[in-house]
Amino acid sequence: MSTQTDYYQLLECERTADATVIKSSYRKLAMKYHPDKNAGCKDSEDKFKAVSEAYEVLKDPQKRAAYDRYGHAAFQNGGGGGGGAQDFGGFSDIFESVFGEFMGGGRGGGRAQQRRGADLRYDMEISLEEAYHGKSTEITVDVSDQCDTCDGSGARPGTHAKTCQQCNGHGKVRVQQGFFVVERACPVCQGTGEMIADPCPECRGDGRVEKTKTLTVEIPPGVDEGTRIRLSNEGEAGPRGAPSGDLYIFLHVTRHSIFEREGTTLFARAPISFTTAALGGTLSIPGLDGRTHDIKIPVGIQSGKQLRQRGAGMPVLQGRGHGDLVIQVEVETPTKLSLRQKELLEMFRETETGDECPESQGFFAKLKGVFAGE
């Protein structure tokens, strides 16, 4: 099978697929075409080699980035597909500035750049009240952390890693390719610049072990759905003492039974009686700030009218002040009346002139005009 076949097509993945999807697809295809399950089948053997080559490139973020940008050209002339440990950073001299990001930049003078650990994501649910006031809470995460036995070096206690003799600790080697000089990861030390002769028995030379960590998260007042909090250096530890990644907390605010939120503005619907709507009054609303807000109901208010209470909304995140509380009144028609109440309403209806409800009077006047042909 041609090695020029698109790696994403080989793994039956979209170019936007994440690492989990790529890994899952590779495992399925590798089981399907494995030589042990297809003894004597040359096509299956070739397909197995091809999907393995594709996975070796796409599982590595740096190799994948190079492939996405330059395709197979990034790995030609002895490049790193096919399960090898080689990883081309780019062409030196003319093109070094283009590819430098994949190999840590520079011109090869100095030790290999340490690979930073991966960032992690943690999703947390909080209530609207907690989003209003903020809170301090603890979370538990399972993470690859620095090995305590070897202090992250990867070497057995009492021993040390030695400089790789192949690359002299640079982590990279250079090969002349026609008019160009190609720089790639050292195939002996895998780009680390060091060799461990006696690995740590706890972490087996990686410098990392799986741990369960308890972390404190400070949630500031005013956070919203999707707010992201970064805990620096609390992600995956880097291999052999390399810097750790970060842990990102993504907040999700649960639905409130009364209030809805839009930015710093809080909205609520409040039913009022038709007598309060007609005569006016005061509506008392308990706010998220713990205070009761008395909102004046004007005489003759209509259903759907919004009343605004300044400063009674959500706090401004990392700022000063608060948003507003907006109450939308809904006039409720009574469904259970006593005999006396019915009598009073009948007396009121007898005194109606139509001027009490100008919108109704105007509507029926227009309706009468339509059927009268006016």
# chains A, B, ... in the order shown; residues from 1 in each chain; ligands from 1
>>> residues_around(residues="A:Tyr7", least_positions_apart="2", cutoff="6 Å", atoms="only C-alpha atoms", output="ChimeraX atom specification")
/A:9-10,54
>>> select_by_dssp(residues="stretch 328-363 of chain A", states="helix (DSSP H, G or I)", output="number ranges by chain")
A: 339-351, 358-363
>>> atom_distance(atom1="atom CA of A:Val217", atom2="atom CA of A:Gly313")
24.3 Å
>>> closest_residue(among="A:Glu53, A:Glu359, A:Glu262, A:Glu130", to="A:Thr5", atoms="only C-alpha atoms")
A:Glu53
>>> atom_distance(atom1="atom CA of A:Arg15", atom2="atom CA of A:Gln62")
15.0 Å
>>> residues_around(residues="stretch 204-215 of chain A", least_positions_apart="3", cutoff="10 Å", atoms="only C-alpha atoms", output="NGL selection string")
:A and (137-156 or 161 or 195-201 or 218 or 231 or 234 or 236-242)
>>> residues_around(residues="A:Arg121", least_positions_apart="5", cutoff="7 Å", atoms="only C-alpha atoms", output="PDB file with N, CA and C atoms, in the first residue's frame")
ATOM      1  N   LEU A 247      -4.183  22.749  34.539  1.00  0.00           N
ATOM      2  CA  LEU A 247      -5.513  22.163  34.705  1.00  0.00           C
ATOM      3  C   LEU A 247      -6.544  23.270  34.512  1.00  0.00           C
ATOM      4  N   TYR A 248      -7.485  23.052  33.597  1.00  0.00           N
ATOM      5  CA  TYR A 248      -8.515  24.049  33.309  1.00  0.00           C
ATOM      6  C   TYR A 248      -9.857  23.570  33.874  1.00  0.00           C
ATOM      7  N   ILE A 249     -10.456  24.415  34.717  1.00  0.00           N
ATOM      8  CA  ILE A 249     -11.764  24.131  35.304  1.00  0.00           C
ATOM      9  C   ILE A 249     -12.818  24.852  34.456  1.00  0.00           C
TER      10      ILE A 249
END
>>> closest_atom_pairs(of="stretch 180-214 of chain A", to="stretch 163-171 of chain A", cutoff="9 Å", atoms="only C-alpha atoms", output="Markdown table")
| residue | atom | partner | partner_atom | distance |
| --- | --- | --- | --- | --- |
| A:Arg184 | CA | A:Gly171 | CA | 8.6 |
| A:Ala185 | CA | A:Gly171 | CA | 5.9 |
| A:Cys186 | CA | A:Gly171 | CA | 5.3 |
| A:Pro187 | CA | A:Gln166 | CA | 8.6 |
| A:Val188 | CA | A:Gln166 | CA | 6.8 |
| A:Cys189 | CA | A:Cys164 | CA | 6.4 |
| A:Gln190 | CA | A:Gly171 | CA | 7.2 |
| A:Gly191 | CA | A:Gly171 | CA | 4.0 |
| A:Thr192 | CA | A:Gly171 | CA | 5.1 |
| A:Gly193 | CA | A:Gly169 | CA | 3.9 |
| A:Glu194 | CA | A:Thr163 | CA | 4.6 |
| A:Met195 | CA | A:Cys164 | CA | 5.5 |
| A:Ile196 | CA | A:Thr163 | CA | 8.9 |
>>> write_last_selection(atoms="all heavy atoms", output="JSON list (two decimals), in the first residue's frame")
[["chain", "number", "residue", "atom", "x", "y", "z"],
["A", 184, "ARG", "N", 16.35, 16.22, 12.64],
["A", 184, "ARG", "CA", 15.34, 15.31, 13.17],
["A", 184, "ARG", "C", 15.68, 14.91, 14.60],
["A", 184, "ARG", "O", 16.81, 15.10, 15.06],
["A", 184, "ARG", "CB", 15.24, 14.05, 12.30],
["A", 184, "ARG", "CG", 16.49, 13.20, 12.34],
["A", 184, "ARG", "CD", 16.41, 12.05, 11.35],
["A", 184, "ARG", "NE", 17.57, 11.19, 11.43],
["A", 184, "ARG", "CZ", 17.82, 10.18, 10.60],
["A", 184, "ARG", "NH1", 16.98, 9.94, 9.60],
["A", 184, "ARG", "NH2", 18.89, 9.43, 10.75],
["A", 185, "ALA", "N", 14.68, 14.35, 15.28],
["A", 185, "ALA", "CA", 14.91, 13.89, 16.65],
["A", 185, "ALA", "C", 15.91, 12.74, 16.64],
["A", 185, "ALA", "O", 15.91, 11.91, 15.74],
["A", 185, "ALA", "CB", 13.60, 13.45, 17.29],
["A", 186, "CYS", "N", 16.76, 12.73, 17.64],
["A", 186, "CYS", "CA", 17.75, 11.67, 17.74],
["A", 186, "CYS", "C", 17.05, 10.33, 17.90],
["A", 186, "CYS", "O", 16.23, 10.15, 18.82],
["A", 186, "CYS", "CB", 18.67, 11.93, 18.93],
["A", 186, "CYS", "SG", 19.87, 10.60, 19.22],
["A", 187, "PRO", "N", 17.34, 9.34, 17.02],
["A", 187, "PRO", "CA", 16.66, 8.04, 17.12],
["A", 187, "PRO", "C", 17.11, 7.20, 18.31],
["A", 187, "PRO", "O", 16.44, 6.24, 18.67],
["A", 187, "PRO", "CB", 17.03, 7.37, 15.79],
["A", 187, "PRO", "CG", 18.34, 7.98, 15.40],
["A", 187, "PRO", "CD", 18.29, 9.40, 15.89],
["A", 188, "VAL", "N", 18.23, 7.56, 18.93],
["A", 188, "VAL", "CA", 18.75, 6.78, 20.06],
["A", 188, "VAL", "C", 18.07, 7.18, 21.37],
["A", 188, "VAL", "O", 17.59, 6.34, 22.12],
["A", 188, "VAL", "CB", 20.27, 6.94, 20.17],
["A", 188, "VAL", "CG1", 20.80, 6.20, 21.41],
["A", 188, "VAL", "CG2", 20.96, 6.42, 18.91],
["A", 189, "CYS", "N", 18.00, 8.49, 21.64],
["A", 189, "CYS", "CA", 17.43, 8.97, 22.90],
["A", 189, "CYS", "C", 16.00, 9.48, 22.75],
["A", 189, "CYS", "O", 15.43, 10.02, 23.69],
["A", 189, "CYS", "CB", 18.31, 10.06, 23.50],
["A", 189, "CYS", "SG", 18.35, 11.59, 22.51],
["A", 190, "GLN", "N", 15.41, 9.34, 21.54],
["A", 190, "GLN", "CA", 14.05, 9.79, 21.27],
["A", 190, "GLN", "C", 13.89, 11.30, 21.46],
["A", 190, "GLN", "O", 12.83, 11.79, 21.82],
["A", 190, "GLN", "CB", 13.04, 9.06, 22.17],
["A", 190, "GLN", "CG", 13.21, 7.55, 22.21],
["A", 190, "GLN", "CD", 13.01, 6.90, 20.84],
["A", 190, "GLN", "OE1", 12.09, 7.24, 20.15],
["A", 190, "GLN", "NE2", 13.90, 6.00, 20.48],
["A", 191, "GLY", "N", 14.97, 12.05, 21.26],
["A", 191, "GLY", "CA", 14.88, 13.50, 21.34],
["A", 191, "GLY", "C", 15.08, 14.09, 22.72],
["A", 191, "GLY", "O", 15.00, 15.30, 22.89],
["A", 192, "THR", "N", 15.34, 13.25, 23.74],
["A", 192, "THR", "CA", 15.50, 13.77, 25.11],
["A", 192, "THR", "C", 16.91, 14.28, 25.38],
["A", 192, "THR", "O", 17.11, 15.08, 26.29],
["A", 192, "THR", "CB", 15.16, 12.68, 26.14],
["A", 192, "THR", "OG1", 16.11, 11.60, 26.03],
["A", 192, "THR", "CG2", 13.75, 12.15, 25.91],
["A", 193, "GLY", "N", 17.89, 13.79, 24.64],
["A", 193, "GLY", "CA", 19.27, 14.19, 24.88],
["A", 193, "GLY", "C", 19.96, 13.40, 25.97],
["A", 193, "GLY", "O", 21.14, 13.63, 26.25],
["A", 194, "GLU", "N", 19.22, 12.47, 26.60],
["A", 194, "GLU", "CA", 19.77, 11.70, 27.71],
["A", 194, "GLU", "C", 19.43, 10.22, 27.56],
["A", 194, "GLU", "O", 18.43, 9.85, 26.95],
["A", 194, "GLU", "CB", 19.24, 12.21, 29.04],
["A", 194, "GLU", "CG", 19.66, 13.63, 29.38],
["A", 194, "GLU", "CD", 19.11, 14.09, 30.72],
["A", 194, "GLU", "OE1", 18.06, 13.55, 31.14],
["A", 194, "GLU", "OE2", 19.73, 14.96, 31.34],
["A", 195, "MET", "N", 20.24, 9.39, 28.16],
["A", 195, "MET", "CA", 20.01, 7.95, 28.20],
["A", 195, "MET", "C", 20.01, 7.49, 29.65],
["A", 195, "MET", "O", 20.86, 7.92, 30.44],
["A", 195, "MET", "CB", 21.09, 7.21, 27.42],
["A", 195, "MET", "CG", 21.12, 7.53, 25.93],
["A", 195, "MET", "SD", 19.63, 6.96, 25.08],
["A", 195, "MET", "CE", 19.79, 5.20, 25.28],
["A", 196, "ILE", "N", 19.05, 6.65, 30.00],
["A", 196, "ILE", "CA", 18.97, 6.12, 31.36],
["A", 196, "ILE", "C", 19.34, 4.66, 31.33],
["A", 196, "ILE", "O", 18.61, 3.82, 30.77],
["A", 196, "ILE", "CB", 17.55, 6.30, 31.94],
["A", 196, "ILE", "CG1", 17.22, 7.80, 32.04],
["A", 196, "ILE", "CG2", 17.43, 5.63, 33.29],
["A", 196, "ILE", "CD1", 15.84, 8.08, 32.57]]
>>> atom_distance(atom1="atom CA of A:Val51", atom2="atom CA of A:Gln176")
29.1 Å
